[in-house]
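Shown next: work19.cif, containing mmCIF, C-alpha atoms and all ligand atoms.
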```
data_entry
#
loop_
_atom_site.label_atom_id
_atom_site.label_comp_id
_atom_site.auth_asym_id
_atom_site.auth_seq_id
_atom_site.Cartn_x
_atom_site.Cartn_y
_atom_site.Cartn_z
CA MET A 1 0.00 0.00 0.00
CA SER A 2 1.51 3.34 -0.98
CA GLY A 3 0.57 7.03 -1.09
CA THR A 4 -0.05 9.74 1.48
CA LEU A 5 -3.01 11.91 2.33
CA SER A 6 -2.92 15.71 2.07
CA THR A 7 -4.28 15.93 5.64
CA ARG A 8 -3.40 14.69 9.13
CA HIS A 9 -7.02 14.62 10.31
CA LEU A 10 -10.35 13.66 8.75
CA ILE A 11 -12.73 16.42 9.82
CA GLY A 12 -14.88 16.73 6.71
CA ILE A 13 -14.98 15.71 3.05
CA LYS A 14 -15.01 19.43 2.23
CA ASP A 15 -11.33 19.56 3.30
CA VAL A 16 -9.99 16.55 1.37
CA THR A 17 -8.96 16.27 -2.28
CA SER A 18 -10.22 13.86 -4.92
CA SER A 19 -6.76 12.23 -4.79
CA ASP A 20 -7.20 11.66 -1.02
CA ILE A 21 -10.61 10.07 -1.66
CA LYS A 22 -9.22 7.83 -4.40
CA LEU A 23 -6.31 6.80 -2.17
CA ILE A 24 -8.69 5.92 0.70
CA LEU A 25 -10.99 3.90 -1.60
CA ASP A 26 -8.07 2.04 -3.25
CA THR A 27 -6.49 1.28 0.15
CA ALA A 28 -9.88 0.06 1.40
CA THR A 29 -10.01 -2.43 -1.50
CA GLU A 30 -6.78 -3.96 -0.19
CA PHE A 31 -8.13 -4.07 3.38
CA LYS A 32 -11.38 -5.65 2.19
CA GLU A 33 -9.31 -8.52 0.84
CA VAL A 34 -7.55 -8.76 4.24
CA ILE A 35 -10.78 -8.93 6.28
CA ASN A 36 -12.13 -11.69 4.09
CA ARG A 37 -9.14 -13.93 4.86
CA PRO A 38 -9.39 -16.60 7.59
CA ILE A 39 -6.86 -14.51 9.61
CA LYS A 40 -8.29 -11.00 9.44
CA LYS A 41 -5.67 -9.17 11.46
CA VAL A 42 -2.58 -7.24 10.27
CA PRO A 43 0.06 -5.58 12.50
CA SER A 44 -0.09 -2.14 10.77
CA LEU A 45 -1.19 -0.15 13.88
CA ARG A 46 0.70 -2.13 16.52
CA ASP A 47 1.80 0.34 19.26
CA VAL A 48 -0.83 2.89 18.16
CA THR A 49 -3.59 3.67 20.69
CA VAL A 50 -6.97 4.91 19.46
CA ALA A 51 -9.72 6.42 21.64
CA ASN A 52 -13.29 6.19 20.35
CA LEU A 53 -15.16 9.09 21.98
CA PHE A 54 -18.90 8.83 21.45
CA PHE A 55 -20.99 11.70 22.83
CA GLU A 56 -24.01 10.51 20.78
CA ASN A 57 -25.62 7.12 20.15
CA SER A 58 -24.23 4.85 17.43
CA THR A 59 -24.37 1.23 16.37
CA ARG A 60 -22.66 0.92 12.97
CA THR A 61 -20.00 3.64 13.18
CA ARG A 62 -18.87 2.74 16.67
CA ILE A 63 -18.63 -1.02 16.11
CA SER A 64 -17.10 -0.52 12.68
CA PHE A 65 -14.33 1.77 14.01
CA GLU A 66 -13.59 -0.60 16.89
CA LEU A 67 -13.37 -3.61 14.55
CA ALA A 68 -11.22 -1.66 12.07
CA GLU A 69 -8.82 -0.66 14.87
CA LYS A 70 -8.63 -4.22 16.23
CA ARG A 71 -8.10 -5.70 12.72
CA LEU A 72 -5.12 -3.29 12.43
CA SER A 73 -3.78 -4.44 15.87
CA ALA A 74 -4.23 -1.02 17.51
CA ASP A 75 -4.88 -0.68 21.24
CA VAL A 76 -8.44 0.61 21.65
CA VAL A 77 -10.25 2.54 24.40
CA ASN A 78 -13.95 3.25 24.18
CA PHE A 79 -15.58 6.24 25.85
CA SER A 80 -19.30 6.83 26.11
CA ALA A 81 -20.44 10.25 27.35
CA SER A 82 -23.53 8.79 28.98
CA SER A 83 -21.45 6.79 31.49
CA SER A 84 -18.61 9.33 31.93
CA SER A 85 -17.66 12.32 34.07
CA VAL A 86 -19.17 14.57 31.35
CA LYS A 87 -22.33 13.94 33.38
CA LYS A 88 -20.59 15.67 36.32
CA GLY A 89 -19.85 18.80 34.27
CA GLU A 90 -16.42 18.07 32.73
CA THR A 91 -15.75 19.98 29.47
CA LEU A 92 -14.97 18.35 26.12
CA LEU A 93 -11.38 19.65 26.17
CA ASP A 94 -10.73 18.53 29.76
CA THR A 95 -12.21 15.12 28.99
CA VAL A 96 -10.06 14.66 25.89
CA ASN A 97 -6.86 16.01 27.49
CA ASN A 98 -7.31 13.59 30.39
CA ILE A 99 -7.68 10.70 27.94
CA LEU A 100 -4.68 11.89 25.90
CA SER A 101 -2.47 12.07 29.00
CA MET A 102 -2.81 8.27 29.03
CA LYS A 103 -0.78 8.28 25.76
CA VAL A 104 -3.47 8.12 23.08
CA ASP A 105 -2.34 8.71 19.47
CA MET A 106 -5.61 8.99 17.55
CA VAL A 107 -9.09 10.20 18.50
CA VAL A 108 -12.34 9.18 16.80
CA ILE A 109 -15.13 11.52 17.89
CA ARG A 110 -18.90 11.64 17.42
CA HIS A 111 -20.49 14.71 18.97
CA PRO A 112 -23.88 16.46 18.66
CA MET A 113 -22.21 19.89 18.21
CA PRO A 114 -21.17 20.75 14.63
CA GLY A 115 -17.50 21.75 14.75
CA ALA A 116 -16.50 19.67 17.82
CA PRO A 117 -13.88 17.62 15.86
CA HIS A 118 -12.51 20.84 14.30
CA PHE A 119 -12.20 22.37 17.80
CA LEU A 120 -10.32 19.28 19.05
CA LYS A 121 -7.98 19.29 16.05
CA LYS A 122 -6.89 22.82 17.00
CA HIS A 123 -6.25 21.96 20.66
CA ILE A 124 -4.80 18.44 20.85
CA PRO A 125 -1.75 16.74 19.32
CA ALA A 126 -3.52 13.50 18.27
CA ASN A 127 -4.93 12.76 14.79
CA VAL A 128 -8.68 13.48 14.87
CA ILE A 129 -11.32 11.56 12.87
CA ASN A 130 -14.87 12.89 12.72
CA ALA A 131 -17.40 10.10 13.26
CA GLY A 132 -20.32 12.54 12.81
CA ASP A 133 -20.71 16.08 14.22
CA GLY A 134 -24.29 17.23 14.59
CA THR A 135 -25.85 18.27 11.28
CA HIS A 136 -22.43 19.07 9.77
CA GLU A 137 -20.43 16.13 8.31
CA HIS A 138 -20.08 12.34 8.54
CA PRO A 139 -17.03 11.86 6.32
CA THR A 140 -16.40 8.15 6.93
CA GLN A 141 -20.03 7.39 5.99
CA ALA A 142 -19.63 9.28 2.70
CA LEU A 143 -16.41 7.40 1.95
CA LEU A 144 -17.97 4.00 2.62
CA ASP A 145 -20.99 5.01 0.51
CA ALA A 146 -18.71 6.06 -2.35
CA TYR A 147 -16.76 2.81 -1.99
CA SER A 148 -19.99 0.77 -2.12
CA ILE A 149 -21.25 2.59 -5.24
CA ARG A 150 -17.89 2.15 -6.97
CA GLU A 151 -17.84 -1.53 -6.02
CA ARG A 152 -21.37 -2.11 -7.39
CA LEU A 153 -21.25 0.11 -10.51
CA GLY A 154 -17.52 0.00 -11.29
CA ALA A 155 -17.07 3.80 -11.18
CA LEU A 156 -18.33 7.00 -9.58
CA SER A 157 -17.70 9.45 -12.39
CA GLY A 158 -20.85 10.21 -14.38
CA LYS A 159 -23.13 8.17 -12.09
CA LYS A 160 -26.35 9.82 -10.95
CA VAL A 161 -27.03 9.62 -7.22
CA VAL A 162 -30.14 10.97 -5.50
CA ILE A 163 -30.25 11.43 -1.74
CA VAL A 164 -33.84 11.13 -0.52
CA GLY A 165 -35.26 12.33 2.79
CA ASP A 166 -34.38 14.75 5.57
CA ILE A 167 -31.56 16.63 3.84
CA LEU A 168 -31.83 19.65 6.16
CA HIS A 169 -30.68 17.78 9.28
CA SER A 170 -28.40 15.24 7.61
CA ARG A 171 -24.62 15.19 7.98
CA VAL A 172 -24.63 12.11 5.70
CA ALA A 173 -26.22 14.16 2.90
CA LEU A 174 -23.67 16.99 3.07
CA SER A 175 -20.64 14.67 3.19
CA ASN A 176 -22.08 12.56 0.35
CA ILE A 177 -22.67 15.63 -1.81
CA PHE A 178 -19.05 16.81 -1.35
CA CYS A 179 -17.60 13.32 -1.86
CA LEU A 180 -19.65 12.33 -4.92
CA GLN A 181 -19.13 15.67 -6.65
CA LYS A 182 -15.37 15.52 -6.05
CA MET A 183 -15.38 12.08 -7.69
CA GLY A 184 -17.32 13.30 -10.75
CA ALA A 185 -20.78 11.93 -9.92
CA LYS A 186 -23.99 13.92 -10.52
CA VAL A 187 -25.91 14.52 -7.30
CA ALA A 188 -29.57 15.29 -6.63
CA VAL A 189 -31.66 15.50 -3.49
CA CYS A 190 -35.34 14.70 -3.04
CA GLY A 191 -37.70 15.43 -0.17
CA PRO A 192 -40.38 17.77 1.13
CA PRO A 193 -39.48 21.46 0.53
CA THR A 194 -39.29 22.01 4.32
CA LEU A 195 -36.48 19.43 4.59
CA ILE A 196 -34.32 20.72 1.71
CA PRO A 197 -32.09 23.71 2.55
CA ARG A 198 -32.24 26.56 0.03
CA HIS A 199 -28.43 26.83 -0.28
CA LEU A 200 -28.18 23.37 -1.89
CA ALA A 201 -28.80 24.76 -5.36
CA ASP A 202 -25.59 26.81 -4.88
CA LEU A 203 -23.68 23.52 -4.50
CA GLY A 204 -24.77 22.46 -8.01
CA VAL A 205 -27.21 19.87 -6.68
CA LYS A 206 -30.41 19.07 -8.60
CA VAL A 207 -33.58 19.16 -6.48
CA PHE A 208 -36.61 16.86 -6.85
CA TYR A 209 -39.80 17.15 -4.85
CA LYS A 210 -41.40 14.01 -6.34
CA VAL A 211 -39.78 10.71 -5.46
CA LYS A 212 -40.88 8.91 -8.65
CA GLU A 213 -39.17 11.58 -10.78
CA ALA A 214 -36.01 11.25 -8.69
CA LEU A 215 -35.99 7.45 -9.04
CA SER A 216 -36.45 7.74 -12.82
CA TRP A 217 -33.42 10.08 -13.01
CA CYS A 218 -30.90 8.22 -10.87
CA ASP A 219 -28.63 5.16 -10.93
CA VAL A 220 -28.44 5.12 -7.13
CA ALA A 221 -30.95 6.16 -4.46
CA ASN A 222 -29.43 6.79 -1.01
CA VAL A 223 -32.38 7.01 1.38
CA LEU A 224 -32.21 8.80 4.75
CA ARG A 225 -34.45 8.67 7.79
CA ILE A 226 -36.27 11.66 9.29
CA GLN A 227 -34.00 12.93 12.09
CA PHE A 228 -36.56 13.80 14.74
CA GLU A 229 -33.84 14.10 17.40
CA ARG A 230 -32.50 17.20 15.57
CA GLN A 231 -35.88 18.87 14.97
CA ASN A 232 -37.37 21.28 17.47
CA ILE A 233 -40.29 22.23 15.24
CA LYS A 234 -42.48 20.09 12.97
CA TYR A 235 -41.27 19.95 9.36
CA ILE A 236 -43.79 17.35 8.15
CA PRO A 237 -47.43 16.83 9.13
CA SER A 238 -46.95 13.18 10.16
CA LEU A 239 -44.78 10.13 9.50
CA ARG A 240 -47.78 8.47 7.84
CA GLU A 241 -48.04 11.32 5.36
CA TYR A 242 -44.26 11.32 4.77
CA ALA A 243 -44.34 7.55 4.07
CA MET A 244 -47.22 8.08 1.62
CA TYR A 245 -45.41 10.76 -0.44
CA TYR A 246 -41.71 9.90 0.00
CA GLY A 247 -41.62 6.27 1.17
CA ILE A 248 -40.01 3.84 -1.30
CA ASP A 249 -41.21 0.26 -1.74
CA LYS A 250 -40.06 -2.64 -3.91
CA ALA A 251 -42.90 -2.25 -6.43
CA MET A 252 -41.66 1.29 -7.22
CA LEU A 253 -38.13 -0.01 -7.82
CA ASP A 254 -39.28 -3.03 -9.86
CA ALA A 255 -41.44 -0.76 -12.04
CA LEU A 256 -38.38 1.19 -13.27
CA ASP A 257 -37.15 0.12 -16.72
CA LYS A 258 -33.54 -0.02 -15.45
CA GLU A 259 -31.36 -1.38 -12.65
CA ILE A 260 -31.23 0.80 -9.56
CA VAL A 261 -29.01 0.60 -6.49
CA LEU A 262 -30.72 1.23 -3.15
CA MET A 263 -28.68 2.49 -0.18
CA HIS A 264 -29.37 3.62 3.38
CA PRO A 265 -26.78 4.65 6.02
CA GLY A 266 -28.92 3.20 8.83
CA PRO A 267 -30.69 3.08 11.16
CA ILE A 268 -33.71 2.34 8.92
CA ASN A 269 -37.20 3.27 10.04
CA ARG A 270 -38.93 0.41 8.23
CA GLY A 271 -42.34 1.37 6.89
CA VAL A 272 -41.45 5.08 6.84
CA GLU A 273 -38.70 5.95 4.32
CA LEU A 274 -38.31 2.34 3.11
CA SER A 275 -40.62 -0.65 3.13
CA SER A 276 -39.10 -3.91 4.34
CA ASP A 277 -39.51 -5.48 0.91
CA ALA A 278 -37.41 -2.67 -0.62
CA ALA A 279 -34.76 -2.68 2.12
CA ASP A 280 -34.32 -6.46 1.81
CA SER A 281 -34.60 -6.64 -2.00
CA HIS A 282 -31.96 -7.45 -4.61
CA HIS A 283 -31.77 -3.68 -5.34
CA SER A 284 -30.41 -3.03 -1.85
CA ILE A 285 -26.69 -2.85 -0.93
CA ILE A 286 -27.41 -1.70 2.63
CA LEU A 287 -25.54 -4.54 4.34
CA ASP A 288 -22.66 -4.23 1.83
CA GLN A 289 -22.33 -0.61 3.02
CA VAL A 290 -21.94 -1.85 6.59
CA GLU A 291 -19.38 -4.50 5.59
CA ASN A 292 -17.43 -1.97 3.53
CA GLY A 293 -17.42 0.46 6.48
CA VAL A 294 -14.82 -1.66 8.27
CA ALA A 295 -12.44 -1.76 5.27
CA VAL A 296 -12.86 1.97 4.58
CA ARG A 297 -12.22 2.88 8.24
CA MET A 298 -9.17 0.60 8.29
CA ALA A 299 -7.87 2.53 5.27
CA ILE A 300 -8.49 5.91 6.95
CA LEU A 301 -6.85 4.87 10.24
CA TYR A 302 -3.90 3.30 8.42
CA LEU A 303 -3.29 6.33 6.17
CA LEU A 304 -3.72 8.90 8.97
CA ALA A 305 -1.48 6.95 11.38
CA SER A 306 1.37 7.30 8.94
CA GLU A 307 0.99 11.12 9.13
CA LYS A 308 2.53 12.83 12.15
CA ALA A 309 -0.19 14.86 13.91
CA THR A 310 0.18 18.62 14.42
N1 LIG B 1 -24.72 5.33 9.71
C1 LIG B 1 -24.51 5.63 11.00
O1 LIG B 1 -23.84 6.61 11.35
O2 LIG B 1 -25.10 4.76 11.88
P1 LIG B 1 -24.90 4.82 13.46
O3 LIG B 1 -25.56 6.07 13.96
O4 LIG B 1 -25.54 3.57 14.00
O5 LIG B 1 -23.42 4.86 13.74
#
```
Would you mind giving the structure from this file in structure tokens?
Ligand code: CP
Amino acid sequence: MSGTLSTRHLIGIKDVTSSDIKLILDTATEFKEVINRPIKKVPSLRDVTVANLFFENSTRTRISFELAEKRLSADVVNFSASSSSVKKGETLLDTVNNILSMKVDMVVIRHPMPGAPHFLKKHIPANVINAGDGTHEHPTQALLDAYSIRERLGALSGKKVVIVGDILHSRVALSNIFCLQKMGAKVAVCGPPTLIPRHLADLGVKVFYKVKEALSWCDVANVLRIQFERQNIKYIPSLREYAMYYGIDKAMLDALDKEIVLMHPGPINRGVELSSDAADSHHSIILDQVENGVAVRMAILYLLASEKAT
């Protein structure tokens, strides 16, 4: 494996180059081969200690990072805000500096505040990886999504990808838009007008308000859930109404006169944005995304560990 990234941290896809993205995806291909061997472990990160700091709930990202670190032979510590001294009033910086004083080299952080990983990067010597910061970015999700599309369709350039759902509150949407555009894909969004931010048109993103039109346009539909935990006012009348106008089922996908790839970052709200028969259909690569997440995160950890942090 050869090549170096232009960055010592992964804060957002906005900050990385298309060469960085290509290097991460190509390195992930090599790690995917490794994790499908009977012996899945390599010594690449021996003597490197990684702290996974989760200030927000997670299933896929947290387990995927921990597995990626262990497959690379790193020492791993897991921190969950809900069972920590954050509950007693300790600040983010004090918490992280205390953990770093135990000789930690890399920090993976998920935090509800947009900008928290950027703040850490400025104040600590470790490499920082953003595992999702509020409504801002989720760069490792975008990279595993790009990897999964490239794996299924053979390329990203020229492919049409629509992101359907709650775009306004989605860090996955923003990171996917940056990543796919940098790799030459055409990107659209689809959802109720209240859940599509006005500035998206400035990013060169096509906007659909009707899901059938969006599905007819695209090669790939990446479907998101409604993020009620980030909404303090009502943006849609009801989930039932949302499912009626924006929910995707297998019959809609089968009716298209073309192949379509169905994606979802998880967690799925079955019966709302996706029916079970769509989520579990041959169109879906949802579990491939999860599998690929480990290889992509191994690639990111491996490439960043070879960069000295500033
Ligand atoms: N896709 C994703 O971030 O899932 P989790 O919230 O379970 O980590």
His118 in chain A environment, 10 Å, all atoms listed in the file, sequence neighbours closer than 4 positions dropped, as JSON, numbers by chain: {"A": [9, 10, 11, 12, 114, 122, 123, 128, 129, 130, 133]}
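Counting only C-alpha atoms and all ligand atoms and comparing A:Met263, A:Met252, A:Ala214, A:Val42, the residue that lies closest to ligand LIG 1 (chain B) is A:Met263.
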At most 8 Å from ligand LIG 1 (chain B) (all atoms listed in the file): residue list as a PyMOL selection string: chain A and resi 57-63+131-132+138+141+172+265-267
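Reported to one decimal place, the separation of CA of Val211 in chain A from CA of Asp257 in chain A is 15.7 Å.
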Skipping near chain neighbours, those fewer than 4 positions away, what residues fall within 9 Å of Ser284 in chain A using all atoms listed in the file, listed as a PyMOL selection string? chain A and resi 260-264+278-280+288
Point-to-point distance from CA of Ile24 in chain A to CA of Tyr147 in chain A, Å rounded to tenths: 9.1 Å
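Take CA of Gly293 in chain A and CA of Glu66 in chain A: the distance between them is 11.1 Å.
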Env of Asp145 in chain A: 12 Å cut, atoms = all atoms listed in the file, seq-sep filter 2 positions within chain, self excluded. Answer as a PyMOL selection string. chain A and resi 21+25+138-143+147-152+156+161+163+172-173+175-177+179-180+220-223+261-266+285-297
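With all atoms listed in the file as the basis for measurement, A:Met183 is the residue among A:Met183, A:Met102, A:Ala116, A:Ile35 that approaches Ser19 in chain A most closely.
Every polymer residue reaching to within 9 Å of (-26.1, 11.7, 26.7), counting only C-alpha atoms, appears in this list: Phe55, Glu56, Asn57, Ser80, Ala81, Ser82, Ser83, Val86 and Lys87 of chain A.
Considering the residues A:Ser170, A:Ser6, A:Ser101, A:Ser85 and counting only C-alpha atoms, Thr135 in chain A has its shortest atom-to-atom contact with A:Ser170.
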Range 125-133 of chain A, all listed atoms, 3 Å padding on each side: what axis-aligned box centre and edge lengths in Å to one decimal come out, as lines of an AutoDock Vina configuration file?
```
center_x = -11.2
center_y = 13.4
center_z = 16.0
size_x = 25.0
size_y = 12.6
size_z = 12.6
```
